[in-house]
Amino acid sequence: MSQAVAPVAETAAPTGLFDRISDWARYGPPAVLLVAAVARLAGLGYPKHLVFDETYYVKDAWTLAHLGYEGSWTDAPSGFTGKNAVNDAFEAGQVDFFSSAASYIAHPPLGKWIIALGELAAGGAQNSYGWRLSVAVVGILAVALIMLIAHRMFRTPLVTTLAGGLLAIDNQAIVMSRVGLLDNIVMFFALAAFACVLEDRFFAERRLGAWLMRRRRGIGDWGPTLLWRPWLIGAGVLFGLCCAVKWSGIYFLAAFALYVVGTDLLLRRRAGVRLWAWAGLLKQAPVVFVSMIPTALVAYLAGWTGWFVTSGGWDRHTIEDGGTKAATGFFAWVPIPIQDLWAWTSQIYAFHTGLDTPHPYKAPAALWPIIARPTSMYWDATSAGRCGTGSCVSAITDLPNPLIWYAAIAASIYLLVRFVRKREWQAALILMGFVGGYLPWLQYPNRTMFFFYSIAFEPYMLLALAATIGLLVVRPPGADSADELLAAESSYGLRVRRTLVAVFVVAAVALSAFFFPISAGLPVPYWFWHIHMWSPTWI
């Protein structure tokens with residue numbers, strides 16, 4: 001795993017058009033961030049209706065900001081009737097008729113606290129812009145973060161700009177940044193933890209190298225124990241915060257903890273430690289565990305602060321009220337509030353694992369790679385005249401850019417094959433994003449789940465695509481002399497690949513613009529919406 005993926009830092013002066021474009025890519029990140037901001041913030045308050053599960057999270061967030069826990073919305077104000085009376089009143093700006101009675105909650109509160117920050121920043125929940133503001137900011141930060149990660153992994157401006165640019169313009173990433181749901185926040189915390197794991201790899205290599213330089217009497221059978229791993233502590237905190245948004249974050253924690261242990265084993269083998277496997281498992285793996293798991297647990301519990309310091313949350317006093325028996329024996333020392341939380345955890349775990357309610361947009365994980373059933377989050381066919389014709393619709397569909405998505409799937413498969421053949425550490429690290437973000441969902445084929453859950457691992461798909469493009473078009477790292485550079489530049493195959501990549505990028509941008517109206521819910525003629533439905537299963 002010590003080899004590097006081929007796109008490397010370019011230091012020579014540009015010798016051709018494509019190299020000049022690659023050189024201009026050094027200035028691409030600010031432009032990419034601008035595109036990401038415009039795509040996510042422009043018209044964010046439209047539609048002024050609760051979209052899909054915003055009906056839960058946006059209202060829960062507002063009660064969290066006032067009560068410290070999720071309150072109930074049961075009786076709509078006078079003048080609002082019907083089964084949607086509560087939502088109608090909320091959308092009309094009457095946002096203070098919640099009660100202090102606890103609301104049943106299916107997810108931890110941190111993501112809703114983050115949504116609440118946007119509501120408060122926008123002046124209150126009566127402003128629909130605030131429902132989505134925090135999630136949009138998180139989406140923009142994710143674009144910046146993926147560019148930092150790509151830069152650290154590949155040191156190639158073109159790959160850095162491509163990774164950020166693909167996330168900035170992908171339509172699923174745009175949709176999930178424009179609705180007040182939790183999954184974009186899960187994606188961001190997992191990606192931030194991924195960045196910490198990446199930095200820890202460099203940190204551990206330097207620490208082990210310094211130890212080897214100081215060693216005077218041979219390496220020994222076991223090698224050192226690297227106790228101070230600050231980036232692993234940071235990763236543990238971020239994975240814990242990810243779990244405090246949705247429990248699916250625990251899969252990322254498990255996957256990357258295993259990756260770190262495996263990397264430590266291989267570092268010792270490369271250093272010549274005779275008992276490298278036993279040393280890694282018995283000396284270093286416990287340090288990895290202590291650095292990541294307790295910190296993740298503390299961060300997770302911190303996400304419940306509002307629930308702990310108040311008394312009205314769901315199941316907050318379930319043991320005191322006789323709903324569940326207190327622990328006995330070895331676990332009797334656990335504080336009662338923690339036991340209350342554990343009782344909620346057990347209850348909600350049973351709910352999630354047994355969730356098989358029929359839904360028209362249910363999409364099993366096995367079908368996510370082919371975009372078999374994207375989620376229709378919003379549909380309004382009453383906007384007649386707003387698009388210049390008599391038949392207008394406003395729709396938000398969780399469709400990724402099909403060209404980017406399928407290319408990223410192909411690139412991910414290629415990266416897997418390349419890892420098997422070349423053992424490149426970058427490929428292994430990227431692929432662990434799939435192990436933590438995608439594979440666990442396959443164990444629940446009958447559970448009700450949705451395609452938009454895939455946003456959690458989409459950044460790793462785009463990193464795989466950006467890296468693969470870099471392998472195709474960046475000059476070979478061995479071509480350093482002027483003659484070799486000219487030969488590489490004049491290679492017919494290289495010119496063809498660069499042309500194809502240029503066409504791909506232009507087509508991807510055009511396709512993102514084409515799908516943007518149904519990413520943002522803009523009023524469009526019915527026929528315009530229909531030509532975006534390339535498959536009957538997308539409708």
# chains A, B, ... in the order shown; residues from 1 in each chain; ligands from 1
$ residues_around --residues "segment 277-280 of chain A" --least-positions-apart "2" --cutoff "7 Å" --atoms "only C-alpha atoms" --output "PyMOL selection string"
chain A and resi 222-223+264-265+275+282-285
$ residues_around --residues "segment 185-190 of chain A" --least-positions-apart "2" --cutoff "7 Å" --atoms "only C-alpha atoms" --output "list in words"
Gly111, Val135, Val138, Ala142, Leu182, Asp183, Ala192, Ala193, Phe194, Leu238, Phe239, Leu241, Cys242, Val245, Lys246, Gly249, Phe252, Ile455, Ala456 and Phe457 of chain A
$ closest_atom_pairs --of "segment 78-180 of chain A" --to "segment 354-375 of chain A" --cutoff "12 Å" --atoms "only C-alpha atoms" --output "CSV"
residue,atom,partner,partner_atom,distance
A:Ala106,CA,A:Leu355,CA,11.2
A:Asn171,CA,A:Pro374,CA,11.7
A:Gln172,CA,A:Pro374,CA,9.6
A:Val175,CA,A:Thr375,CA,10.6
A:Met176,CA,A:Thr375,CA,11.2
$ select_by_dssp --residues "segment 318-439 of chain A" --states "strand (DSSP E or B)" --output "compact mmCIF listing (two decimals) with all heavy atoms, in the first residue's frame"
# COMPACT_ATOMS: atom_id res chain seq x y z
N SER A 376 -39.02 11.20 -5.21
CA SER A 376 -39.76 12.42 -5.50
C SER A 376 -40.09 13.08 -4.18
O SER A 376 -40.91 12.58 -3.40
CB SER A 376 -41.04 12.11 -6.29
OG SER A 376 -41.80 13.29 -6.48
N MET A 377 -39.45 14.21 -3.89
CA MET A 377 -39.60 14.86 -2.58
C MET A 377 -40.69 15.92 -2.57
O MET A 377 -41.21 16.26 -1.51
CB MET A 377 -38.26 15.48 -2.16
CG MET A 377 -37.17 14.46 -1.94
SD MET A 377 -35.72 15.22 -1.20
CE MET A 377 -34.76 13.76 -0.80
N TYR A 378 -41.01 16.45 -3.74
CA TYR A 378 -41.99 17.53 -3.79
C TYR A 378 -42.64 17.53 -5.17
O TYR A 378 -41.97 17.34 -6.19
CB TYR A 378 -41.32 18.88 -3.52
CG TYR A 378 -42.25 20.06 -3.60
CD1 TYR A 378 -43.19 20.30 -2.61
CD2 TYR A 378 -42.18 20.94 -4.68
CE1 TYR A 378 -44.05 21.39 -2.68
CE2 TYR A 378 -43.02 22.03 -4.76
CZ TYR A 378 -43.97 22.26 -3.76
OH TYR A 378 -44.81 23.34 -3.84
N TRP A 379 -43.95 17.75 -5.18
CA TRP A 379 -44.70 17.81 -6.44
C TRP A 379 -45.86 18.77 -6.27
O TRP A 379 -46.66 18.64 -5.33
CB TRP A 379 -45.21 16.43 -6.83
CG TRP A 379 -46.11 16.44 -8.05
CD1 TRP A 379 -47.48 16.49 -8.08
CD2 TRP A 379 -45.69 16.40 -9.42
NE1 TRP A 379 -47.94 16.49 -9.37
CE2 TRP A 379 -46.86 16.44 -10.22
CE3 TRP A 379 -44.45 16.36 -10.05
CZ2 TRP A 379 -46.82 16.43 -11.60
CZ3 TRP A 379 -44.41 16.33 -11.42
CH2 TRP A 379 -45.56 16.36 -12.19
N ASP A 380 -45.93 19.76 -7.14
CA ASP A 380 -47.03 20.71 -7.11
C ASP A 380 -47.44 21.00 -8.54
O ASP A 380 -46.68 21.59 -9.31
CB ASP A 380 -46.59 22.00 -6.42
CG ASP A 380 -47.69 23.05 -6.40
OD1 ASP A 380 -48.86 22.68 -6.64
OD2 ASP A 380 -47.38 24.23 -6.17
N CYS A 392 -48.21 23.89 -15.70
CA CYS A 392 -46.91 24.00 -15.02
C CYS A 392 -46.85 23.04 -13.84
O CYS A 392 -47.88 22.73 -13.22
CB CYS A 392 -46.70 25.42 -14.50
SG CYS A 392 -46.69 26.69 -15.78
N VAL A 393 -45.67 22.61 -13.54
CA VAL A 393 -45.45 21.80 -12.36
C VAL A 393 -44.20 22.31 -11.65
O VAL A 393 -43.32 22.92 -12.26
CB VAL A 393 -45.27 20.30 -12.69
CG1 VAL A 393 -46.51 19.75 -13.37
CG2 VAL A 393 -44.03 20.07 -13.55
N SER A 394 -44.15 22.05 -10.37
CA SER A 394 -42.96 22.32 -9.57
C SER A 394 -42.61 21.02 -8.87
O SER A 394 -43.42 20.48 -8.12
CB SER A 394 -43.23 23.43 -8.56
OG SER A 394 -42.08 23.68 -7.76
N ALA A 395 -41.41 20.50 -9.13
CA ALA A 395 -41.03 19.19 -8.61
C ALA A 395 -39.59 19.21 -8.10
O ALA A 395 -38.73 19.91 -8.65
CB ALA A 395 -41.17 18.12 -9.70
N ILE A 396 -39.37 18.46 -7.03
CA ILE A 396 -38.01 18.21 -6.55
C ILE A 396 -37.82 16.71 -6.52
O ILE A 396 -38.51 16.00 -5.79
CB ILE A 396 -37.79 18.80 -5.14
CG1 ILE A 396 -37.95 20.31 -5.15
CG2 ILE A 396 -36.39 18.43 -4.63
CD1 ILE A 396 -37.84 20.95 -3.77
N THR A 397 -36.89 16.24 -7.33
CA THR A 397 -36.60 14.81 -7.42
C THR A 397 -35.13 14.58 -7.12
O THR A 397 -34.26 15.26 -7.66
CB THR A 397 -36.94 14.25 -8.82
OG1 THR A 397 -38.30 14.55 -9.12
CG2 THR A 397 -36.73 12.75 -8.87
N GLU A 424 -2.47 0.35 -4.02
CA GLU A 424 -2.28 1.78 -3.78
C GLU A 424 -3.11 2.23 -2.58
O GLU A 424 -4.31 1.94 -2.49
CB GLU A 424 -2.67 2.58 -5.03
CG GLU A 424 -1.73 2.34 -6.19
CD GLU A 424 -2.30 2.76 -7.53
OE1 GLU A 424 -3.54 2.82 -7.65
OE2 GLU A 424 -1.51 3.01 -8.45
$ closest_residue --among "A:Pro77, A:Gly236, A:Gly521, A:Gly312" --to "Val51 of chain A" --atoms "only C-alpha atoms"
A:Gly521
$ residues_around --residues "Gly240 of chain A" --least-positions-apart "6" --cutoff "7 Å" --atoms "only C-alpha atoms" --output "ChimeraX atom specification"
/A:296-297,299-300
$ write_last_selection --atoms "N, CA, C and O atoms" --output "PDB file, in the first residue's frame"
ATOM      1  N   ALA A 296     -15.574   8.945  20.319  1.00  0.00           N
ATOM      2  CA  ALA A 296     -16.821   8.913  19.546  1.00  0.00           C
ATOM      3  C   ALA A 296     -18.024   8.830  20.476  1.00  0.00           C
ATOM      4  O   ALA A 296     -19.047   9.503  20.261  1.00  0.00           O
ATOM      5  N   LEU A 297     -17.914   8.019  21.538  1.00  0.00           N
ATOM      6  CA  LEU A 297     -19.021   7.874  22.482  1.00  0.00           C
ATOM      7  C   LEU A 297     -19.295   9.191  23.210  1.00  0.00           C
ATOM      8  O   LEU A 297     -20.455   9.599  23.365  1.00  0.00           O
ATOM      9  N   ALA A 299     -18.592  12.229  22.149  1.00  0.00           N
ATOM     10  CA  ALA A 299     -19.174  13.177  21.190  1.00  0.00           C
ATOM     11  C   ALA A 299     -20.635  12.848  20.928  1.00  0.00           C
ATOM     12  O   ALA A 299     -21.481  13.746  20.814  1.00  0.00           O
ATOM     13  N   TYR A 300     -20.944  11.553  20.825  1.00  0.00           N
ATOM     14  CA  TYR A 300     -22.336  11.146  20.609  1.00  0.00           C
ATOM     15  C   TYR A 300     -23.217  11.597  21.772  1.00  0.00           C
ATOM     16  O   TYR A 300     -24.295  12.169  21.565  1.00  0.00           O
TER      17      TYR A 300
END
